[in-house]
$ cat entry38.cif   # mmCIF, C-alpha atoms and all ligand atoms
data_entry
loop_
_atom_site.label_atom_id
_atom_site.label_comp_id
_atom_site.auth_asym_id
_atom_site.auth_seq_id
_atom_site.Cartn_x
_atom_site.Cartn_y
_atom_site.Cartn_z
CA MET P 7 26.55 -35.53 -2.99
CA ALA P 8 25.35 -32.22 -1.60
CA GLU P 9 26.12 -31.80 2.08
CA GLU P 10 23.01 -32.02 4.25
CA LYS P 11 22.09 -28.68 5.76
CA LYS P 12 22.59 -28.59 9.52
CA LEU P 13 19.41 -27.67 11.35
CA PHE P 14 19.22 -25.94 14.71
CA LYS P 15 17.25 -27.44 17.57
CA VAL P 16 15.18 -24.90 19.47
CA THR P 17 12.80 -25.56 22.34
CA ILE P 18 9.89 -23.16 22.78
CA ASP P 19 7.53 -23.66 25.70
CA ASN P 20 8.85 -27.22 26.09
CA ILE P 21 8.26 -28.13 22.43
CA THR P 22 11.39 -28.88 20.43
CA ILE P 23 11.63 -28.24 16.71
CA ASP P 24 14.40 -28.28 14.09
CA VAL P 25 14.69 -25.10 12.04
CA GLU P 26 17.09 -23.69 9.50
CA PRO P 27 19.87 -21.41 10.77
CA GLY P 28 18.82 -17.76 10.44
CA THR P 29 15.20 -18.45 11.44
CA THR P 30 13.86 -16.00 13.98
CA ILE P 31 12.35 -17.25 17.23
CA LEU P 32 8.96 -15.92 16.07
CA ASN P 33 9.08 -17.88 12.82
CA ALA P 34 10.25 -21.01 14.64
CA ALA P 35 7.27 -20.60 16.98
CA ARG P 36 4.97 -20.12 13.96
CA GLN P 37 6.19 -23.47 12.67
CA ILE P 38 4.95 -25.02 15.93
CA GLY P 39 1.79 -22.91 15.86
CA GLY P 40 -0.97 -22.40 18.43
CA ASP P 41 -0.47 -20.54 21.71
CA VAL P 42 3.27 -21.01 21.54
CA THR P 43 3.41 -18.32 18.86
CA PRO P 44 3.98 -14.83 20.28
CA PRO P 45 1.65 -12.09 19.00
CA ALA P 46 3.15 -9.72 16.42
CA MET P 47 1.75 -6.26 15.83
CA CYS P 48 4.52 -4.83 13.63
CA TYR P 49 6.32 -7.81 12.10
CA TYR P 50 4.95 -8.87 8.71
CA SER P 51 6.81 -11.68 6.99
CA LYS P 52 6.08 -10.26 3.51
CA LEU P 53 7.52 -6.84 4.29
CA GLN P 54 11.29 -6.51 4.50
CA GLY P 55 12.61 -4.70 7.53
CA SER P 56 9.36 -4.98 9.46
CA GLY P 57 9.42 -5.91 13.14
CA GLY P 58 11.22 -4.58 16.17
CA LYS P 59 8.84 -1.66 16.79
CA CYS P 60 5.98 -2.81 19.00
CA ARG P 61 7.56 -5.26 21.51
CA THR P 62 4.45 -7.45 21.71
CA CYS P 63 6.52 -10.46 20.61
CA LEU P 64 8.88 -10.38 23.62
CA VAL P 65 10.04 -13.78 24.86
CA GLU P 66 12.42 -15.06 27.50
CA VAL P 67 15.54 -16.91 26.36
CA ALA P 68 16.21 -19.35 29.19
CA ALA P 69 19.27 -20.84 27.48
CA GLY P 70 21.16 -19.04 24.69
CA SER P 71 22.51 -22.14 22.93
CA ALA P 72 23.91 -25.60 23.55
CA ALA P 73 27.44 -24.15 23.46
CA ASP P 74 26.61 -21.30 25.84
CA PRO P 75 23.49 -22.20 27.85
CA ARG P 76 23.41 -18.99 29.87
CA PRO P 77 20.02 -17.25 29.87
CA MET P 78 19.71 -13.86 28.20
CA PRO P 79 19.32 -11.24 30.93
CA LYS P 80 16.54 -9.26 29.21
CA LEU P 81 13.45 -10.31 27.33
CA VAL P 82 14.08 -10.21 23.57
CA ALA P 83 11.93 -9.33 20.56
CA SER P 84 11.31 -12.74 18.99
CA CYS P 85 10.74 -11.24 15.53
CA ARG P 86 14.28 -9.86 15.49
CA THR P 87 16.22 -12.57 17.34
CA THR P 88 17.49 -15.57 15.42
CA VAL P 89 17.65 -19.01 16.99
CA MET P 90 20.86 -20.75 18.05
CA ASP P 91 21.35 -24.49 18.23
CA GLY P 92 20.07 -25.72 21.61
CA MET P 93 18.30 -22.47 22.47
CA VAL P 94 15.51 -22.72 25.05
CA VAL P 95 12.75 -20.12 24.82
CA LYS P 96 9.81 -19.42 27.07
CA ASN P 97 6.72 -17.63 25.84
CA ILE P 98 3.45 -18.44 27.60
CA THR P 99 5.33 -20.50 30.19
CA SER P 100 7.12 -17.39 31.45
CA GLU P 101 5.51 -15.14 34.05
CA ARG P 102 7.98 -12.37 33.09
CA VAL P 103 6.82 -12.50 29.49
CA LEU P 104 3.13 -12.40 30.36
CA ASP P 105 3.71 -9.51 32.72
CA ALA P 106 5.80 -7.59 30.17
CA ARG P 107 3.20 -8.21 27.45
CA ALA P 108 0.45 -6.83 29.66
CA GLY P 109 2.65 -3.74 30.10
CA VAL P 110 3.19 -3.44 26.34
CA VAL P 111 -0.56 -3.63 25.74
CA GLU P 112 -1.08 -0.94 28.33
CA PHE P 113 1.42 1.28 26.49
CA LEU P 114 -0.18 0.59 23.12
CA LEU P 115 -3.53 1.60 24.56
CA LEU P 116 -2.28 4.83 26.14
CA ASN P 117 -3.43 6.89 23.20
CA HIS P 118 -5.55 4.39 21.34
CA PRO P 119 -9.23 5.28 21.69
CA LEU P 120 -11.56 2.51 22.81
CA ASP P 121 -13.93 3.19 19.96
CA CYS P 122 -14.31 -0.45 18.89
CA PRO P 123 -18.13 -0.10 18.79
CA ILE P 124 -17.81 2.30 15.85
CA CYS P 125 -14.50 1.17 14.37
CA ASP P 126 -14.58 -0.72 11.06
CA GLN P 127 -11.66 -2.87 12.16
CA ALA P 128 -13.59 -4.30 15.14
CA GLY P 129 -13.77 -8.06 14.89
CA GLU P 130 -10.52 -8.33 12.95
CA CYS P 131 -8.33 -5.95 14.93
CA HIS P 132 -5.13 -7.44 16.31
CA LEU P 133 -4.98 -4.87 19.10
CA GLN P 134 -8.52 -5.75 20.15
CA ASP P 135 -7.53 -9.44 20.37
CA LEU P 136 -4.32 -8.57 22.19
CA SER P 137 -6.21 -6.44 24.70
CA TYR P 138 -8.68 -9.22 25.41
CA GLU P 139 -5.87 -11.73 25.84
CA HIS P 140 -3.32 -9.65 27.72
CA GLY P 141 -4.85 -6.32 28.62
CA LYS P 142 -5.94 -4.98 31.96
CA GLU P 143 -9.38 -3.58 32.67
CA GLY P 144 -8.08 -0.18 33.75
CA THR P 145 -5.44 2.32 32.76
CA ARG P 146 -3.01 4.22 34.97
CA TYR P 147 -2.55 6.99 32.46
CA GLU P 148 -3.69 10.36 33.72
CA PHE P 149 -2.58 12.74 30.98
CA LYS P 150 -4.43 14.11 28.02
CA ARG P 151 -4.45 11.72 25.10
CA ARG P 152 -3.15 12.61 21.66
CA THR P 153 -5.92 13.42 19.24
CA PHE P 154 -5.83 14.11 15.51
CA GLU P 155 -8.19 15.13 12.77
CA LYS P 156 -9.14 12.34 10.38
CA GLU P 157 -7.16 12.58 7.18
CA ASP P 158 -7.84 11.36 3.65
CA ILE P 159 -4.94 9.37 2.28
CA GLY P 160 -6.02 9.39 -1.34
CA PRO P 161 -9.53 8.78 -2.59
CA TYR P 162 -10.00 5.37 -1.01
CA ILE P 163 -8.24 5.36 2.34
CA GLN P 164 -8.99 7.23 5.52
CA LEU P 165 -6.43 7.68 8.25
CA HIS P 166 -7.47 7.82 11.90
CA MET P 167 -4.14 8.73 13.38
CA THR P 168 -5.58 8.44 16.89
CA ARG P 169 -5.79 4.68 16.38
CA CYS P 170 -2.33 4.23 14.86
CA ILE P 171 0.23 2.25 16.88
CA LEU P 172 3.16 3.33 14.64
CA CYS P 173 3.99 -0.17 13.50
CA TYR P 174 5.43 1.19 10.19
CA ARG P 175 3.82 -1.59 8.13
CA CYS P 176 1.98 0.81 5.84
CA THR P 177 5.15 2.73 5.08
CA TYR P 178 6.88 -0.52 4.12
CA VAL P 179 3.98 -1.36 1.81
CA ALA P 180 4.33 2.03 0.17
CA ASP P 181 8.10 1.63 -0.07
CA GLN P 182 8.15 -1.92 -1.30
CA ILE P 183 5.08 -2.47 -3.44
CA THR P 184 4.15 0.93 -4.77
CA ASN P 185 6.53 2.98 -6.88
CA ASN P 186 6.34 6.22 -4.96
CA ARG P 187 5.83 6.61 -1.29
CA VAL P 188 4.27 9.92 -0.44
CA HIS P 189 3.44 9.25 3.18
CA GLY P 190 5.58 8.42 6.14
CA ILE P 191 6.14 8.88 9.83
CA LEU P 192 6.70 12.51 10.59
CA ASP P 193 8.34 13.72 13.79
CA ARG P 194 9.55 11.48 16.57
CA GLY P 195 8.68 10.37 20.09
CA ASP P 196 5.20 11.28 21.24
CA HIS P 197 4.90 13.71 18.32
CA ALA P 198 5.35 10.93 15.75
CA GLU P 199 2.50 10.57 13.30
CA ILE P 200 1.69 9.03 9.95
CA SER P 201 0.98 11.68 7.38
CA THR P 202 1.36 12.58 3.75
CA TYR P 203 3.63 15.39 2.70
CA ILE P 204 1.51 18.44 1.92
CA SER P 205 -1.51 16.12 2.10
CA LYS P 206 -0.54 14.53 -1.17
CA ALA P 207 -2.94 11.78 -2.15
CA ILE P 208 -1.73 8.25 -2.56
CA ASP P 209 -3.11 7.12 -5.89
CA ASN P 210 -0.80 4.23 -6.63
CA ASP P 211 -2.44 1.04 -7.91
CA PHE P 212 -1.37 -0.99 -4.89
CA SER P 213 -1.94 1.58 -2.17
CA GLY P 214 -5.03 -0.29 -0.88
CA ASN P 215 -2.76 -2.97 0.57
CA MET P 216 -1.92 -0.52 3.33
CA ILE P 217 -5.41 -1.14 4.65
CA ASP P 218 -4.80 -4.89 4.79
CA VAL P 219 -1.52 -4.64 6.67
CA CYS P 220 -2.71 -2.10 9.24
CA PRO P 221 -3.17 -4.15 12.43
CA VAL P 222 -5.65 -1.65 13.87
CA GLY P 223 -8.38 0.57 12.44
CA ALA P 224 -6.04 3.46 11.60
CA LEU P 225 -6.27 2.92 7.84
CA THR P 226 -9.74 2.00 6.68
CA ASP P 227 -11.39 1.41 3.33
CA LYS P 228 -13.54 4.44 2.52
CA THR P 229 -15.81 2.35 0.29
CA PHE P 230 -16.68 0.12 3.26
CA ARG P 231 -16.69 2.57 6.16
CA PHE P 232 -19.73 2.24 8.42
CA LYS P 233 -21.46 0.00 5.86
CA ASN P 234 -21.63 -3.04 8.11
CA ARG P 235 -20.05 -4.91 10.98
CA VAL P 236 -17.58 -7.44 9.70
CA TRP P 237 -19.22 -10.33 11.58
CA PHE P 238 -22.52 -9.74 9.77
CA THR P 239 -20.84 -10.18 6.40
CA LYS P 240 -20.11 -13.46 4.66
CA PRO P 241 -16.51 -13.93 3.45
CA VAL P 242 -16.23 -15.77 0.15
CA ASP P 243 -13.07 -16.66 -1.80
CA ALA P 244 -13.17 -15.49 -5.40
CA HIS P 245 -10.83 -14.69 -8.28
CA ARG P 246 -10.72 -12.89 -11.60
CA ASP P 247 -8.21 -12.53 -14.41
CA CYS P 248 -6.37 -9.38 -13.54
CA GLU P 249 -3.45 -8.03 -15.49
CA LYS P 250 -2.09 -6.08 -12.52
CA CYS P 251 -2.30 -8.49 -9.59
CA CYS P 252 -2.94 -12.13 -8.67
CA GLY P 253 -6.69 -11.46 -8.69
CA LYS P 254 -7.29 -13.80 -5.73
CA VAL P 255 -9.45 -12.10 -3.13
CA THR P 256 -11.97 -12.46 -0.36
CA LEU P 257 -15.36 -10.90 -1.04
CA TRP P 258 -17.22 -9.76 2.06
CA GLN P 259 -20.86 -10.11 1.12
CA ARG P 260 -24.22 -9.34 2.64
CA GLY P 261 -26.67 -11.34 0.58
CA ASP P 262 -25.54 -10.84 -3.00
CA GLU P 263 -24.11 -7.41 -2.33
CA VAL P 264 -20.30 -7.19 -2.22
CA LEU P 265 -19.53 -4.72 0.54
CA ARG P 266 -15.77 -5.07 0.61
CA VAL P 267 -12.94 -6.78 -1.25
CA THR P 268 -9.70 -7.67 0.53
CA ALA P 269 -6.64 -9.80 -0.13
CA ARG P 270 -6.88 -13.29 1.32
CA LYS P 271 -5.27 -13.65 4.72
CA ASP P 272 -3.40 -16.54 6.29
CA GLN P 273 -3.63 -17.72 9.89
CA TRP P 274 -1.28 -14.94 11.02
CA GLY P 275 -3.46 -12.25 9.49
CA GLU P 276 -0.97 -11.66 6.65
CA VAL P 277 -1.79 -11.80 2.93
CA GLN P 278 -1.52 -15.30 1.57
CA SER P 279 1.35 -16.22 -0.74
CA TYR P 280 1.00 -17.96 -4.08
CA ASP P 281 4.10 -19.67 -5.53
CA SER P 282 6.08 -17.97 -2.74
CA LYS P 283 4.89 -14.52 -3.87
CA PRO P 284 2.67 -12.41 -1.57
CA GLY P 285 -0.87 -12.13 -2.95
CA TRP P 286 -1.14 -8.31 -2.84
CA ILE P 287 -4.16 -7.08 -4.80
CA CYS P 288 -4.54 -3.98 -6.95
CA ASN P 289 -6.93 -1.10 -6.33
CA THR P 290 -9.07 -2.05 -9.33
CA CYS P 291 -9.87 -5.45 -7.79
CA ARG P 292 -10.27 -3.93 -4.33
CA PHE P 293 -12.32 -0.82 -5.00
CA ASP P 294 -13.88 -1.11 -8.47
CA LYS P 295 -15.08 -4.70 -8.70
CA LYS P 296 -17.97 -4.68 -6.25
CA HIS P 297 -20.34 -6.91 -8.15
CA VAL P 298 -20.53 -10.71 -7.79
CA ASN P 299 -20.59 -11.03 -11.58
CA ASP P 300 -17.10 -9.53 -11.70
CA TRP P 301 -15.79 -12.61 -9.92
CA VAL P 302 -15.50 -16.38 -10.21
CA ILE P 303 -16.73 -17.59 -6.82
CA GLU P 304 -14.68 -20.40 -5.28
CA GLY P 305 -16.56 -20.95 -2.01
CA PRO P 306 -16.78 -19.78 1.59
CA THR P 307 -13.56 -18.52 3.16
CA LYS P 308 -12.28 -20.65 6.01
CA ILE P 309 -12.43 -18.52 9.13
CA SER P 310 -11.01 -19.60 12.46
CA ARG P 311 -13.73 -20.98 14.70
CA HIS P 312 -12.51 -18.65 17.43
CA SER P 313 -12.92 -15.51 15.34
CA VAL P 314 -15.96 -13.36 15.97
CA ILE P 315 -16.46 -13.36 12.19
CA SER P 316 -17.42 -17.03 12.28
CA GLN P 317 -19.88 -16.52 15.12
CA GLY P 318 -22.70 -15.17 12.97
CA HIS P 319 -22.79 -17.75 10.23
CA TYR P 320 -20.33 -20.51 10.99
CA VAL P 321 -18.66 -20.39 7.60
CA GLY P 322 -16.38 -23.38 7.14
CA MET P 323 -17.19 -24.76 10.58
CA GLN P 324 -17.95 -28.34 11.30
CA LYS P 325 -21.24 -28.71 13.12
CA PRO P 326 -20.78 -30.23 16.57
CA LYS P 327 -21.62 -33.90 16.63
CA GLU P 328 -25.09 -34.62 18.05
CA THR P 329 -24.54 -37.40 20.55
CA MET P 330 -28.05 -37.72 22.04
CA PRO P 331 -29.67 -39.65 19.15
CA GLU P 332 -26.61 -41.88 19.08
CA VAL P 333 -27.04 -42.98 22.69
CA MET P 334 -30.83 -43.15 22.34
CA GLY P 335 -30.77 -45.68 19.53
CA GLY P 336 -31.35 -43.08 16.80
CA ARG P 337 -34.30 -41.30 18.51
CA ALA P 338 -34.16 -37.54 18.86
CA PRO P 339 -34.48 -36.32 22.45
CA LYS P 340 -37.95 -35.11 23.48
CA LEU P 341 -38.47 -32.06 25.64
CA LEU P 342 -39.33 -33.29 29.10
CA MET P 343 -41.41 -30.26 30.06
CA ASP P 344 -42.72 -26.96 28.78
CA ILE P 345 -41.33 -24.23 31.00
CA HIS P 346 -44.49 -22.11 30.47
CA GLU P 347 -46.62 -24.82 32.03
CA ILE P 348 -44.33 -25.37 34.97
CA SER P 349 -43.35 -21.83 35.92
CA GLU P 350 -45.80 -19.40 37.48
CA VAL P 351 -43.67 -16.40 36.80
CA ASN P 352 -45.77 -15.26 33.84
CA SER P 353 -49.06 -15.42 35.72
CA VAL P 354 -48.08 -13.05 38.51
CA ASP P 355 -50.03 -9.77 38.67
CA ILE P 356 -47.11 -7.36 38.99
CA SER P 357 -49.42 -4.45 39.85
CA ALA P 358 -50.00 -6.19 43.18
CA LEU P 359 -46.32 -6.28 43.91
CA PRO P 360 -44.61 -3.57 46.00
CA GLY P 361 -42.77 -0.94 43.96
CA PRO P 362 -43.95 1.45 41.20
CA ALA P 363 -47.58 0.82 40.28
CA THR P 364 -48.31 -0.58 36.89
CA SER P 365 -51.52 -1.83 35.43
CA LYS P 366 -49.88 -4.41 33.29
CA THR P 367 -50.68 -7.99 34.20
CA PHE P 368 -48.95 -10.85 32.51
CA GLU P 369 -51.45 -13.59 31.81
CA LYS P 370 -50.49 -17.17 31.66
CA LYS P 371 -50.34 -18.21 28.05
CA GLU P 372 -53.33 -20.37 27.09
CA GLN P 373 -52.17 -23.80 26.00
S1 LIG G 1 -1.47 3.52 10.11
FE1 LIG G 1 -1.70 1.32 10.65
S2 LIG G 1 -0.14 0.28 9.41
FE2 LIG G 1 0.41 2.47 9.43
S3 LIG G 1 1.85 2.68 11.14
FE3 LIG G 1 -0.21 3.16 11.94
S4 LIG G 1 -0.95 1.20 12.77
FE4 LIG G 1 0.78 0.73 11.44
S1 LIG G 2 6.30 -8.01 16.30
FE1 LIG G 2 8.27 -8.04 17.21
S2 LIG G 2 8.53 -6.04 17.93
FE2 LIG G 2 6.62 -5.95 16.94
#
$ encode --input "entry38.cif" --output "structure tokens"
Amino acid sequence: MAEEKKLFKVTIDNITIDVEPGTTILNAARQIGGDVTPPAMCYYSKLQGSGGKCRTCLVEVAAGSAADPRPMPKLVASCRTTVMDGMVVKNITSERVLDARAGVVEFLLLNHPLDCPICDQAGECHLQDLSYEHGKEGTRYEFKRRTFEKEDIGPYIQLHMTRCILCYRCTYVADQITNNRVHGILDRGDHAEISTYISKAIDNDFSGNMIDVCPVGALTDKTFRFKNRVWFTKPVDAHRDCEKCCGKVTLWQRGDEVLRVTARKDQWGEVQSYDSKPGWICNTCRFDKKHVNDWVIEGPTKISRHSVISQGHYVGMQKPKETMPEVMGGRAPKLLMDIHEISEVNSVDISALPGPATSKTFEKKEQ
């Protein structure tokens, strides 16, 4: 009989879970889910070698293991630290972690422009979410920010280096799922930047996946730029027979018009896997199939209720239960008064009021 695999017990924010040896703290926390899971701006489970760059996933290890329960002196990157049996980890229950994370967000925003109102990533930007959750309202940075010219990375992708947080995810995509990487991180330190060698275009069939993995608006889809705000569009799951990729996508529609095609994302914002294989999509599906007739529609995409994308049209949401008729024996509640009849505010002659003269008088609405 095969020997049963020994699992490690790890406690994260007072919740204990059994995980396989070799699991990182971040992935153990993802198995628990919810707030216990640290944010991750550079780690991407489908990209080998990712993680360890951004420090947003820092956690406190309050006890190293059952055998050696001493705490770790420094906060550790949960995406790069594997669990030990009996380890005790603190994420949102640690003041040190929350303080450090606020500091990390402040660093990430040092050079990142606050151009969310015109950025195509707004509404699905991980840095935007992180800033709302952990950021501070001001910055202490007094120096000139780094600025760059926008750069075309091939015919379909535009790079806004000013928004890049140097997470390296796009370079891993190019390394691991396209056959020739022609872009990378040039220079180091505060000179580091994503660029292509001699502005060589990336025309590989899977290069569009760089857009999907970019956690911010640094790499955007040129066929969608400035077309719409993401929360005004309707995400719909669809598929087609594609010889190059899995063909499973999300269509972002406005009416019947397909404005954008992306890979389908899971709850961590990563591309979904099918039969344990990441569902990367090819450029033909992403950029050339922009007609509903190109696709077999499966139905509305499930979007988290907390996402701004679900605010406009409540796709996949359950309507809140209406309790009033229930307690009123099935009758719908009646309005008890009409505010226009009760309030006199609309019948005041504002020209008689002190302040700048105006001839406009608001009449009470005739009933
Ligand atoms: S362009 Fe985007 S994916 Fe690439 S390193 Fe910058 S932030 Fe990361
Ligand atoms: S997600 Fe762990 S360091 Fe970036």
$ residues_near_ligand --input "entry38.cif" --ligand "ligand LIG 2 (chain G)" --cutoff "12 Å" --atoms "all atoms listed in the file" --output "ChimeraX atom specification"
/P:30-33,43-51,55-65,81-87,107,110-111,114,132-133,171-175,221,274
$ closest_atom_pairs --input "entry38.cif" --of "chain P" --to "ligand LIG 1 (chain G)" --cutoff "7 Å" --atoms "only C-alpha atoms and all ligand atoms" --output "tab-separated table"
residue	atom	partner	partner_atom	distance
P:Leu165	CA	G:LIG1	S1	6.7
P:Met167	CA	G:LIG1	S1	6.7
P:Arg169	CA	G:LIG1	S4	7.0
P:Cys170	CA	G:LIG1	FE3	3.8
P:Ile171	CA	G:LIG1	S4	4.4
P:Leu172	CA	G:LIG1	S3	3.8
P:Cys173	CA	G:LIG1	FE4	3.9
P:Tyr174	CA	G:LIG1	S3	4.0
P:Arg175	CA	G:LIG1	S2	4.6
P:Cys176	CA	G:LIG1	S2	4.2
P:Thr177	CA	G:LIG1	FE2	6.4
P:Ile200	CA	G:LIG1	S1	6.4
P:Met216	CA	G:LIG1	S2	6.4
P:Val219	CA	G:LIG1	S2	5.8
P:Cys220	CA	G:LIG1	S2	3.5
P:Pro221	CA	G:LIG1	S4	5.8
P:Val222	CA	G:LIG1	S4	5.6
P:Gly223	CA	G:LIG1	FE1	7.0
P:Ala224	CA	G:LIG1	S1	4.8
P:Leu225	CA	G:LIG1	S1	5.3
$ residues_near_point --input "entry38.cif" --point "(-5.4, 5.3, 32.5)" --cutoff "9 Å" --atoms "all atoms listed in the file" --output "NGL selection string"
:P and (112 or 115-116 or 144-149)
$ closest_residue --input "entry38.cif" --among "P:Gln54, P:Thr229, P:Asn97, P:Thr168" --to "Asp294 (chain P)" --atoms "all atoms listed in the file"
P:Thr229
$ closest_residue --input "entry38.cif" --among "P:Lys228, P:His245, P:Lys271, P:Lys254" --to "Phe293 (chain P)" --atoms "all atoms listed in the file"
P:Lys228
$ closest_residue --input "entry38.cif" --among "P:Ser71, P:Thr239, P:Ser282, P:Gln273" --to "Gly129 (chain P)" --atoms "only C-alpha atoms"
P:Thr239
$ closest_residue --input "entry38.cif" --among "P:Cys125, P:Phe212, P:Lys240, P:Lys308" --to "Thr226 (chain P)" --atoms "all atoms listed in the file"
P:Cys125
$ closest_residue --input "entry38.cif" --among "P:Asp281, P:Val16, P:Thr88, P:Asn210" --to "Thr29 (chain P)" --atoms "all atoms listed in the file"
P:Thr88
$ atom_distance --input "entry38.cif" --atom1 "CA of Phe14 (chain P)" --atom2 "CA of Ala73 (chain P)"
12.1 Å
$ atom_distance --input "entry38.cif" --atom1 "CA of Ser313 (chain P)" --atom2 "CA of Val42 (chain P)"
18.2 Å
$ closest_residue --input "entry38.cif" --among "P:His118, P:Lys150, P:Arg266, P:His140" --to "Ile98 (chain P)" --atoms "all atoms listed in the file"
P:His140
